[in-house]
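*Asks:* Let me give you the structure first, and then I'll get to my questions.
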Amino acid sequence: MHKRIGFSIVGVLLAAIALAGSGLKQGLPEFQPVDAEEEGYWYSRYNLGNLVMRSGLGLTFKPPAEVVQRMMQAVDANPGDGNAPAVRKGITLLKLVYTSGDPHYTTKLNPSDFDTQHWDPAGFEKRTTASASGWTIMKEAEWAKQFHVDDHFGTPASDFGAQWRFVGMIMNASAKTQAKYLATQMTRADGLIPSSDGGIDWIGQWVMLEAYANLADYLAAPTLPHSASNRYRNPQAAGFFAKAADRLYAALTHRQPQGARELSQAVQALTWYAALKDDNGAVKGLLRSQALQLTGRATDSPGELAYKVRGLVEAWRATGDAFFQRVAARSYKELVDGYNFDHGMFKGARTHTIDDVAAIMGAINASRLFLGDAIDQDRAERFFANFFESAVNLSGLQQSVPPVPVAKGKFEQDEPPLYYGYPTIPKPPMAGGSYGVAPVFATRIAWNENQRRFEVDDPRFDTAGTMHASNEFIWFHNDEVNGFPEVK
C-alpha cells in the first residue's frame with residue numbers, strides 16, 4: 001500500500017520472469033536490472049541528503065522558524081496522530097554548494113544527530129561552478145517531486161510519511177534558495193553565471209538553463225504527477241525562474257558548444273526549456289542545430305560517447321526526426337559493442353569519473369526507454385545491470401550505505417535488502433578512516449588488473465558529477481519522476 005507506484009514496465013517484466021543475473025563474472029548471480037533500478041533510487045537519495053542536509057559543503061542558510069512551521073503544517077493535517085515531522089538536530093542547509101570535499105567523518109557517528117555527520121571544512125575545495133549548482137538544484141527539485149507522490153509518501157491526512165513529505169518541502173525550499181541566490185547575486189550583466197574564480201563553466205550554463213526551466217515548470221503546475229495537489233505551487237517564483245531561464249537562454253544563443261559533452265548538454269537543456277515554452281519554434285530550431293552538430297562529433301572515451309547517445313535520444317524525442325533515432329541507435333551500438341560483459345569494463349578504458357558513470361548509465365537508460373526495436377533491448381537490459389554492478393557496486397564507487405532504519409521510513413522497509421544497497425558495500429562507520437565515510441559516491445574509479453575489477457582511486461566527493469549521477473539514477477524510474485520532459 002505504501003510502496004512507490006511501481007517499477008518500470010521493463011523492471012516488472014524482468015522480475016516476473018526471473019531472468020539470469022547481469023552476467024558479470026564477479027557479480028551476484030541474481031543481480032538483475034530491477035535491482036540496479038532500485039539501488040539507483042536509494043543511492044540517489046543517500047547522496048543528495050548527505051550533501052544538502054548534513055555535509056556543510058557550501059554557504060549555509062537557516063530558514064526562519066515561522067517558515068519551517070508553515071512547511072510542517074502543509075504536510076501534516078493531523079499532528080496528534082503520532083506521525084508528525086521533526087527538524088533533525090544539526091541539519092545544515094546550503095544556499096550555494098562547493099565543488100568538492102572529503103566525505104570522511106571527523107567524530108563518532110550518531111545517526112540521529114546530523115552534527116556528527118558534518119564533513120571537515122579543511123577538506124573542502126571552496127570553489128563554486130554552475131555545474132555543481134545546477135545539478136544540485138535539479139536533484140533537489142526532482143526529489144521534491146518524488147516526496148510528493150501521494151501513493152508512496154501519503155497526503156497531509158495520512159498517518160505515515162509526514163517526515164519525508166517535510167523533507168520534500170525542504171528540498172523545494174533549498175532548490176529555490178540556491179537558484180534565486182545565483183540569479184540575483186552571481187549573474188553577470190551578460191546573463192551568464194560565473195564560477196567563483198571568475199571563469200565560465202560552459203557546460204554548467206546549460207545545466208543551469210535546465211534547472212531554471214525545471215523550477216519554472218513545476219512551481220507553476222496546479223498538481224504534480226501522481227498527486228492530487230502541488231504543495232510547492234508558487235506562480236510568482238515560477239515567473240521569476242522563467243525569466244531567469246529566458247535571460248540565460250538569450251545569452252546562450254550566442255554560444256557555439258565545444259565537444260560532444262557540451263553539445264549533448266545543450267540539447268538536453270534545450271529540451272527542458274522547449275518543454276516550458278508554448279512558443280518554442282526558435283528553441284527547437286536551435287536544439288536541432290546543436291543536435292545535427294552532435295551527430296558528426298567524434299568521441300574519445302566511453303563517457304563522451306555516452307554523452308553523445310544521451311543527447312541524441314533527447315533530440316529524437318524532442319523533434320520526432322527519425323534521423324536522430326538512427327544515429328542515436330548507431331552510437332549506442334558502438335558503446336555496447338566496446339563493452340566486455342564478463343569483466344564489466346570497456347575496452348581500453350581504465351578509469352571512469354563519477355560524471356562518466358552518470359553519462360553511461362543515463363545513456364543506457366534513455367536508450368532502453370526510447371529507442372525501442374532500433375536496438376537490442378534484451379542486451380540493453382543486461383548492459384544496464386552489468387555496468388551498474390561493476391562500476392557502482394563492486395568498485396566501491398558508492399562508498400557506504402546506511403542501515404535500513406536510518407534512511408528509510410518504517411513503511412519503506414519491506415522491500416528486498418538488495419534494493420537498499422549491494423551486500424559488499426560497508427556501513428558508514430566501517431567504510432574507512434577513524435570514524436567512517438558518508439554514504440556518497442567517490443570521484444573516480446580505476447581498473448585493477450590483479451583484482452580484475454574497478455576500485456576507487458579518488459575517494460573525494462565531486463558535487464557536479466555526483467549530483468549528475470543522482471539525477472540520472474532517479475530517472476531510472478521515469479514513470480514516477482520523469483527526467484525526459486515532453487516537448488509540444
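Every chain in the C-alpha cells has a letter given in the order shown (A, B, ...), and although residue numbers restart at 1 in each chain, ligands are simply numbered from 1 in the order shown.
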Compile the contact shell of segment 20-27 of chain A as a list in words: residues with an atom at most 8 Å away, counting only C-alpha atoms, same-chain residues fewer than 3 positions apart removed.
*Replies:* Glu30, Phe31, Gln32, Pro33, Phe341, Asp342, His343, Gly344, Arg382, Phe383, Ala385, Asn386, Glu389, Ser390 and Leu394 of chain A
*Asks:* Hey, can you spit out that residue selection with C-alpha atoms as a PDB file, in the first residue's frame?
*Replies:*
```pdb
ATOM      1  CA  GLU A  30      20.800 -12.971  -9.069  1.00  0.00           C
ATOM      2  CA  PHE A  31      21.586  -9.303  -9.825  1.00  0.00           C
ATOM      3  CA  GLN A  32      19.019  -8.024 -12.333  1.00  0.00           C
ATOM      4  CA  PRO A  33      18.007  -4.713 -13.903  1.00  0.00           C
ATOM      5  CA  PHE A 341      30.268  -8.202 -20.154  1.00  0.00           C
ATOM      6  CA  ASP A 342      32.404 -10.816 -18.412  1.00  0.00           C
ATOM      7  CA  HIS A 343      34.571  -8.257 -16.632  1.00  0.00           C
ATOM      8  CA  GLY A 344      32.325  -5.184 -16.624  1.00  0.00           C
ATOM      9  CA  ARG A 382      21.812  -6.818 -19.406  1.00  0.00           C
ATOM     10  CA  PHE A 383      24.141  -3.875 -20.152  1.00  0.00           C
ATOM     11  CA  ALA A 385      22.554  -4.146 -14.821  1.00  0.00           C
ATOM     12  CA  ASN A 386      26.090  -5.269 -15.684  1.00  0.00           C
ATOM     13  CA  GLU A 389      27.018  -3.700 -10.768  1.00  0.00           C
ATOM     14  CA  SER A 390      30.611  -3.316 -11.965  1.00  0.00           C
ATOM     15  CA  LEU A 394      31.819  -3.818  -6.950  1.00  0.00           C
TER      16      LEU A 394
END
```
*Asks:* Pull the closest atom pair for each residue of segment 151-174 of chain A that gets at most 9 Å from segment 83-89 of chain A, along with the distance in Å to one decimal, counting only C-alpha atoms, ordering rows by chain and then ascending residue number, as a Markdown table.
*Replies:*
```
| residue | atom | partner | partner_atom | distance |
| --- | --- | --- | --- | --- |
| A:Ser158 | CA | A:Asn83 | CA | 8.6 |
| A:Asp159 | CA | A:Asn83 | CA | 5.8 |
| A:Phe160 | CA | A:Asn83 | CA | 6.0 |
| A:Gly161 | CA | A:Asn83 | CA | 7.4 |
| A:Ala162 | CA | A:Pro85 | CA | 5.4 |
| A:Gln163 | CA | A:Pro85 | CA | 4.3 |
| A:Trp164 | CA | A:Pro85 | CA | 7.9 |
| A:Arg165 | CA | A:Pro85 | CA | 8.3 |
| A:Phe166 | CA | A:Pro85 | CA | 6.4 |
| A:Val167 | CA | A:Pro85 | CA | 8.8 |
```
*Asks:* Find the spatial neighbours of segment 140-150 of chain A, counting only C-alpha atoms, within a cut-off of 7 Å - ignore same-chain residues fewer than 4 positions away - and output them as a PyMOL selection string.
*Replies:* chain A and resi 136+154-155+164-165+168-169+171-172+175+226-227+481
*Asks:* Quick one: residues within 6 Å of segment 438-446 of chain A, only C-alpha atoms, excluding same-chain residues fewer than 2 positions away - as a list in words?
*Replies:*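 What passes the distance filter is Asn47, Pro103, Arg350, Thr351, His352, Thr353, Ile354, Leu397, Gln398, Gln399, Ser400, Val401, Pro428, Phe454, Glu455, Val456, Asp457, Asp458, Pro459, Arg460, Phe461 and Asp462 of chain A.
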*Asks:* Write out, as a tab-separated table (two decimals), in the first residue's frame, the residues just selected, with C-alpha atoms.
*Replies:*
```
chain	number	residue	atom	x	y	z
A	47	ASN	CA	23.90	11.21	-1.91
A	103	PRO	CA	33.36	12.87	2.93
A	350	ARG	CA	40.98	2.18	-17.42
A	351	THR	CA	39.29	4.97	-15.44
A	352	HIS	CA	35.83	6.46	-15.07
A	353	THR	CA	34.87	9.61	-13.21
A	354	ILE	CA	31.53	9.75	-11.43
A	397	LEU	CA	32.08	3.94	-6.05
A	398	GLN	CA	29.15	4.07	-3.63
A	399	GLN	CA	31.38	4.21	-0.58
A	400	SER	CA	28.90	3.20	2.13
A	401	VAL	CA	25.20	2.53	2.68
A	428	PRO	CA	29.38	4.23	7.11
A	454	PHE	CA	37.40	-1.35	-10.75
A	455	GLU	CA	38.45	0.21	-7.46
A	456	VAL	CA	38.17	3.74	-6.09
A	457	ASP	CA	41.32	5.77	-6.74
A	458	ASP	CA	39.92	9.18	-5.71
A	459	PRO	CA	37.60	8.97	-2.68
A	460	ARG	CA	36.70	12.66	-2.62
A	461	PHE	CA	33.16	13.85	-3.29
A	462	ASP	CA	32.67	15.68	-6.60
```
*Asks:* Determine, counting only C-alpha atoms, which protein, DNA and RNA residues have an atom within 10 Å of an atom of Ala189 of chain A; residues of the same chain fewer than 4 positions away are not included. Present the result as a ChimeraX atom specification.
*Replies:* /A:193,247,251
*Asks:* Write down as a ChimeraX atom specification the residues of segment 388-452 of chain A whose backbone DSSP state falls under strand (DSSP E).
*Replies:* /A:444-448
*Asks:* Deliver the residues from the most recent selection as a file, using N, CA and C atoms, as a PDB file, in the first residue's frame.
*Replies:*
```
ATOM      1  N   ARG A 444      36.310   9.030  -8.590  1.00  0.00           N
ATOM      2  CA  ARG A 444      36.852   8.290  -9.750  1.00  0.00           C
ATOM      3  C   ARG A 444      37.173   6.864  -9.363  1.00  0.00           C
ATOM      4  N   ILE A 445      37.019   5.951 -10.331  1.00  0.00           N
ATOM      5  CA  ILE A 445      37.429   4.558 -10.176  1.00  0.00           C
ATOM      6  C   ILE A 445      38.457   4.227 -11.248  1.00  0.00           C
ATOM      7  N   ALA A 446      39.325   3.261 -10.938  1.00  0.00           N
ATOM      8  CA  ALA A 446      40.358   2.831 -11.885  1.00  0.00           C
ATOM      9  C   ALA A 446      40.405   1.307 -11.901  1.00  0.00           C
ATOM     10  N   TRP A 447      40.759   0.755 -13.040  1.00  0.00           N
ATOM     11  CA  TRP A 447      40.802  -0.699 -13.217  1.00  0.00           C
ATOM     12  C   TRP A 447      42.023  -1.291 -12.515  1.00  0.00           C
ATOM     13  N   ASN A 448      41.787  -2.295 -11.672  1.00  0.00           N
ATOM     14  CA  ASN A 448      42.855  -3.035 -11.008  1.00  0.00           C
ATOM     15  C   ASN A 448      43.035  -4.350 -11.751  1.00  0.00           C
TER      16      ASN A 448
END
```
*Asks:* I'd like to know which of A:Lys243, A:Lys427, A:Lys180, A:Arg127 is closest to Gly199 of chain A, using only C-alpha atoms.
*Replies:* A:Arg127
*Asks:* Which residues of segment 251-365 of chain A have any atom within 10 Å of an atom in segment 467-476 of chain A when counting only C-alpha atoms, and what is the closest pair of atoms for each, with the distance in Å to one decimal? Order the rows by chain and rising number and write it as a Markdown table.
*Replies:*
```
| residue | atom | partner | partner_atom | distance |
| --- | --- | --- | --- | --- |
| A:Ile354 | CA | A:Ala469 | CA | 7.0 |
| A:Asp355 | CA | A:Ala469 | CA | 6.6 |
| A:Asp356 | CA | A:Ala469 | CA | 8.8 |
| A:Val357 | CA | A:Ala469 | CA | 7.0 |
| A:Ala358 | CA | A:Ala469 | CA | 4.1 |
| A:Ala359 | CA | A:Ala469 | CA | 7.5 |
| A:Ile360 | CA | A:Glu472 | CA | 9.5 |
| A:Met361 | CA | A:Glu472 | CA | 7.2 |
| A:Gly362 | CA | A:Glu472 | CA | 5.3 |
| A:Ala363 | CA | A:Glu472 | CA | 9.0 |
| A:Ile364 | CA | A:Phe476 | CA | 9.9 |
| A:Asn365 | CA | A:Phe476 | CA | 6.4 |
```
*Asks:* Using only N, CA and C atoms, please write the residues we just selected to a file, as an mmCIF file, in the first residue's frame.
*Replies:*
```cif
data_model
loop_
_atom_site.group_PDB
_atom_site.id
_atom_site.type_symbol
_atom_site.label_atom_id
_atom_site.label_comp_id
_atom_site.auth_asym_id
_atom_site.auth_seq_id
_atom_site.Cartn_x
_atom_site.Cartn_y
_atom_site.Cartn_z
ATOM 1 N N ILE A 354 32.937 9.893 -11.773
ATOM 2 C CA ILE A 354 31.530 9.753 -11.435
ATOM 3 C C ILE A 354 30.669 10.380 -12.521
ATOM 4 N N ASP A 355 31.147 11.439 -13.175
ATOM 5 C CA ASP A 355 30.388 12.049 -14.268
ATOM 6 C C ASP A 355 30.305 11.105 -15.460
ATOM 7 N N ASP A 356 31.381 10.351 -15.744
ATOM 8 C CA ASP A 356 31.343 9.344 -16.803
ATOM 9 C C ASP A 356 30.278 8.296 -16.497
ATOM 10 N N VAL A 357 30.273 7.818 -15.254
ATOM 11 C CA VAL A 357 29.307 6.792 -14.859
ATOM 12 C C VAL A 357 27.886 7.330 -15.001
ATOM 13 N N ALA A 358 27.685 8.588 -14.608
ATOM 14 C CA ALA A 358 26.375 9.218 -14.775
ATOM 15 C C ALA A 358 25.948 9.203 -16.239
ATOM 16 N N ALA A 359 26.864 9.607 -17.123
ATOM 17 C CA ALA A 359 26.543 9.687 -18.545
ATOM 18 C C ALA A 359 26.265 8.310 -19.129
ATOM 19 N N ILE A 360 27.072 7.322 -18.751
ATOM 20 C CA ILE A 360 26.908 5.979 -19.303
ATOM 21 C C ILE A 360 25.593 5.360 -18.851
ATOM 22 N N MET A 361 25.303 5.427 -17.549
ATOM 23 C CA MET A 361 24.035 4.875 -17.069
ATOM 24 C C MET A 361 22.853 5.660 -17.646
ATOM 25 N N GLY A 362 23.005 6.977 -17.781
ATOM 26 C CA GLY A 362 21.937 7.766 -18.368
ATOM 27 C C GLY A 362 21.692 7.414 -19.821
ATOM 28 N N ALA A 363 22.772 7.153 -20.563
ATOM 29 C CA ALA A 363 22.642 6.788 -21.977
ATOM 30 C C ALA A 363 21.983 5.426 -22.138
ATOM 31 N N ILE A 364 22.387 4.465 -21.318
ATOM 32 C CA ILE A 364 21.774 3.134 -21.409
ATOM 33 C C ILE A 364 20.296 3.215 -21.054
ATOM 34 N N ASN A 365 19.991 3.928 -19.980
ATOM 35 C CA ASN A 365 18.600 4.043 -19.547
ATOM 36 C C ASN A 365 17.735 4.724 -20.601
#
```
*Asks:* At a cut-off of 9 Å, can you tabulate as a tab-separated table every residue of segment 211-268 of chain A near segment 281-295 of chain A together with its closest atom pair and the distance in Å to one decimal, using only C-alpha atoms and ordering rows by chain then number?
*Replies:*
```
residue	atom	partner	partner_atom	distance
A:Tyr249	CA	A:Val283	CA	8.9
A:Thr253	CA	A:Leu286	CA	7.8
A:Gln256	CA	A:Gln290	CA	8.6
A:Pro257	CA	A:Gln290	CA	7.9
A:Gly259	CA	A:Leu294	CA	8.2
A:Ala260	CA	A:Leu294	CA	6.1
A:Leu263	CA	A:Leu294	CA	6.0
A:Ser264	CA	A:Leu294	CA	6.9
A:Ala266	CA	A:Gln290	CA	7.2
A:Val267	CA	A:Leu287	CA	5.5
A:Gln268	CA	A:Leu287	CA	8.6
```
*Asks:* With N, CA and C atoms retained, export the selected residues as a PDB file, in the first residue's frame.
*Replies:*
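Below is the file selection-v6.pdb, written as the result:
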```pdb
ATOM      1  N   TYR A 249      18.975  31.661 -21.603  1.00  0.00           N
ATOM      2  CA  TYR A 249      18.802  31.180 -22.981  1.00  0.00           C
ATOM      3  C   TYR A 249      19.265  32.237 -23.979  1.00  0.00           C
ATOM      4  N   THR A 253      22.266  31.664 -26.800  1.00  0.00           N
ATOM      5  CA  THR A 253      22.044  31.616 -28.248  1.00  0.00           C
ATOM      6  C   THR A 253      23.283  32.071 -29.008  1.00  0.00           C
ATOM      7  N   GLN A 256      28.652  28.802 -29.244  1.00  0.00           N
ATOM      8  CA  GLN A 256      28.872  27.616 -30.053  1.00  0.00           C
ATOM      9  C   GLN A 256      29.468  26.529 -29.161  1.00  0.00           C
ATOM     10  N   PRO A 257      28.686  25.529 -28.765  1.00  0.00           N
ATOM     11  CA  PRO A 257      29.210  24.496 -27.862  1.00  0.00           C
ATOM     12  C   PRO A 257      30.422  23.787 -28.437  1.00  0.00           C
ATOM     13  N   GLY A 259      32.752  20.391 -28.331  1.00  0.00           N
ATOM     14  CA  GLY A 259      32.879  18.993 -27.943  1.00  0.00           C
ATOM     15  C   GLY A 259      31.539  18.307 -27.711  1.00  0.00           C
ATOM     16  N   ALA A 260      31.594  16.985 -27.680  1.00  0.00           N
ATOM     17  CA  ALA A 260      30.378  16.183 -27.575  1.00  0.00           C
ATOM     18  C   ALA A 260      29.667  16.395 -26.243  1.00  0.00           C
ATOM     19  N   LEU A 263      27.820  19.817 -26.380  1.00  0.00           N
ATOM     20  CA  LEU A 263      26.727  19.738 -27.343  1.00  0.00           C
ATOM     21  C   LEU A 263      25.578  18.899 -26.792  1.00  0.00           C
ATOM     22  N   SER A 264      25.907  17.783 -26.175  1.00  0.00           N
ATOM     23  CA  SER A 264      24.878  16.925 -25.591  1.00  0.00           C
ATOM     24  C   SER A 264      24.114  17.650 -24.493  1.00  0.00           C
ATOM     25  N   ALA A 266      23.778  20.792 -24.113  1.00  0.00           N
ATOM     26  CA  ALA A 266      22.980  21.845 -24.736  1.00  0.00           C
ATOM     27  C   ALA A 266      21.654  21.286 -25.237  1.00  0.00           C
ATOM     28  N   VAL A 267      21.707  20.153 -25.920  1.00  0.00           N
ATOM     29  CA  VAL A 267      20.484  19.530 -26.431  1.00  0.00           C
ATOM     30  C   VAL A 267      19.549  19.157 -25.288  1.00  0.00           C
ATOM     31  N   GLN A 268      20.115  18.587 -24.221  1.00  0.00           N
ATOM     32  CA  GLN A 268      19.289  18.190 -23.083  1.00  0.00           C
ATOM     33  C   GLN A 268      18.628  19.411 -22.434  1.00  0.00           C
TER      34      GLN A 268
END
```
*Asks:* Determine, counting only C-alpha atoms, which protein, DNA and RNA residues have an atom within 9 Å of an atom of Leu248 of chain A; residues of the same chain fewer than 3 positions away are not included. Present the result as JSON, numbers by chain.
*Replies:* {"A": [190, 191, 192, 193, 205, 206, 208, 209, 243, 244, 245, 251, 252, 253]}
*Asks:* Could the residues in this selection be saved with N, CA and C atoms as a tab-separated table (two decimals), in the first residue's frame?
*Replies:*
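Once written, selection_27.tsv looks like this:
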```tsv
chain	number	residue	atom	x	y	z
A	190	ASP	N	25.85	39.95	-18.75
A	190	ASP	CA	25.55	39.23	-19.99
A	190	ASP	C	24.66	38.02	-19.76
A	191	GLY	N	24.20	37.80	-18.52
A	191	GLY	CA	23.27	36.71	-18.24
A	191	GLY	C	23.91	35.40	-17.89
A	192	LEU	N	25.25	35.33	-17.96
A	192	LEU	CA	25.94	34.08	-17.64
A	192	LEU	C	26.26	34.00	-16.15
A	193	ILE	N	26.52	32.79	-15.69
A	193	ILE	CA	26.78	32.54	-14.27
A	193	ILE	C	28.24	32.16	-14.11
A	205	GLN	N	26.49	26.27	-17.70
A	205	GLN	CA	25.47	27.23	-18.13
A	205	GLN	C	24.24	26.49	-18.66
A	206	TRP	N	24.49	25.43	-19.43
A	206	TRP	CA	23.37	24.65	-19.96
A	206	TRP	C	22.65	23.90	-18.84
A	208	MET	N	22.35	24.92	-15.78
A	208	MET	CA	21.55	25.90	-15.08
A	208	MET	C	20.30	26.28	-15.88
A	209	LEU	N	20.40	26.34	-17.21
A	209	LEU	CA	19.20	26.57	-18.01
A	209	LEU	C	18.17	25.47	-17.75
A	243	LYS	N	11.83	33.82	-16.09
A	243	LYS	CA	12.59	34.96	-16.62
A	243	LYS	C	14.09	34.70	-16.54
A	244	ALA	N	14.53	34.04	-15.46
A	244	ALA	CA	15.95	33.69	-15.35
A	244	ALA	C	16.35	32.73	-16.47
A	245	ALA	N	15.46	31.78	-16.78
A	245	ALA	CA	15.73	30.87	-17.89
A	245	ALA	C	15.79	31.62	-19.22
A	251	ALA	N	21.46	34.52	-23.59
A	251	ALA	CA	22.93	34.57	-23.59
A	251	ALA	C	23.52	33.39	-24.33
A	252	LEU	N	22.91	32.22	-24.19
A	252	LEU	CA	23.47	31.01	-24.78
A	252	LEU	C	23.18	30.88	-26.27
A	253	THR	N	22.27	31.66	-26.80
A	253	THR	CA	22.04	31.62	-28.25
A	253	THR	C	23.28	32.07	-29.01
```
*Asks:* Quick one: of A:Ala74, A:Ala366, A:Ala306, A:Ile170, who's nearest to Ser229 of chain A, counting only C-alpha atoms?
*Replies:*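 Ranked by minimum distance to Ser229 of chain A, first place goes to A:Ala74.
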*Asks:* Based on DSSP run over this structure's backbone, return all residues of segment 335-401 of chain A in alpha helix (DSSP H), as a PyMOL selection string.
*Replies:* chain A and resi 335-337+354-370+377-387
*Asks:* Which of these residues is nearest to Lys95 of chain A, using only C-alpha atoms: A:Leu182, A:Ala211, A:Ala269, A:Ala407?
*Replies:* A:Leu182
*Asks:* Measuring atom to atom with only C-alpha atoms, identify which of A:Thr116, A:Asn280, A:Asn482, A:Gln236 is nearest to Gly56 of chain A.
*Replies:*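 Ranking A:Thr116, A:Asn280, A:Asn482, A:Gln236 by distance to Gly56 of chain A, first place goes to A:Thr116.
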*Asks:* Got a sec: who's within 9 Å of Val207 of chain A, counting only C-alpha atoms, leaving out chain neighbours fewer than 3 positions off, as a list of chain:residue names?
*Replies:*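 With the cut-off at 9 Å, the set is A:Ala130, A:Ser131, A:Ser133, A:Gly134, A:Trp135, A:Met138, A:Trp202, A:Ile203, A:Gly204, A:Glu210, A:Ala211, A:Tyr212, A:Gln265, A:Ala266, A:Gln268, A:Ala269.
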*Asks:* Filtering to C-alpha atoms, could you give me those residues as a PDB file, in the first residue's frame?
*Replies:*
```
ATOM      1  CA  ALA A 130      27.447  26.460 -12.472  1.00  0.00           C
ATOM      2  CA  SER A 131      27.657  22.691 -12.995  1.00  0.00           C
ATOM      3  CA  SER A 133      24.980  24.363  -8.524  1.00  0.00           C
ATOM      4  CA  GLY A 134      22.831  23.383 -11.482  1.00  0.00           C
ATOM      5  CA  TRP A 135      22.958  19.637 -10.917  1.00  0.00           C
ATOM      6  CA  MET A 138      17.977  19.765 -10.385  1.00  0.00           C
ATOM      7  CA  TRP A 202      30.093  26.416 -20.175  1.00  0.00           C
ATOM      8  CA  ILE A 203      28.546  23.003 -19.625  1.00  0.00           C
ATOM      9  CA  GLY A 204      27.273  24.385 -16.336  1.00  0.00           C
ATOM     10  CA  GLU A 210      17.792  23.100 -17.393  1.00  0.00           C
ATOM     11  CA  ALA A 211      17.449  23.818 -13.665  1.00  0.00           C
ATOM     12  CA  TYR A 212      15.683  27.166 -14.138  1.00  0.00           C
ATOM     13  CA  GLN A 265      24.176  19.014 -22.512  1.00  0.00           C
ATOM     14  CA  ALA A 266      22.980  21.845 -24.736  1.00  0.00           C
ATOM     15  CA  GLN A 268      19.289  18.190 -23.083  1.00  0.00           C
ATOM     16  CA  ALA A 269      18.860  21.673 -21.604  1.00  0.00           C
TER      17      ALA A 269
END
```
*Asks:* For a quick check of understanding, using only C-alpha atoms, which of A:Gly311, A:Gly198, A:Pro235, A:Gly436 has the smallest distance to Lys108 of chain A?
*Replies:* A:Gly436
*Asks:* Just checking: using only C-alpha atoms, which residue out of A:Leu276, A:Val67, A:Pro156, A:Glu262 ends up closest to Ala238 of chain A?
*Replies:* A:Leu276
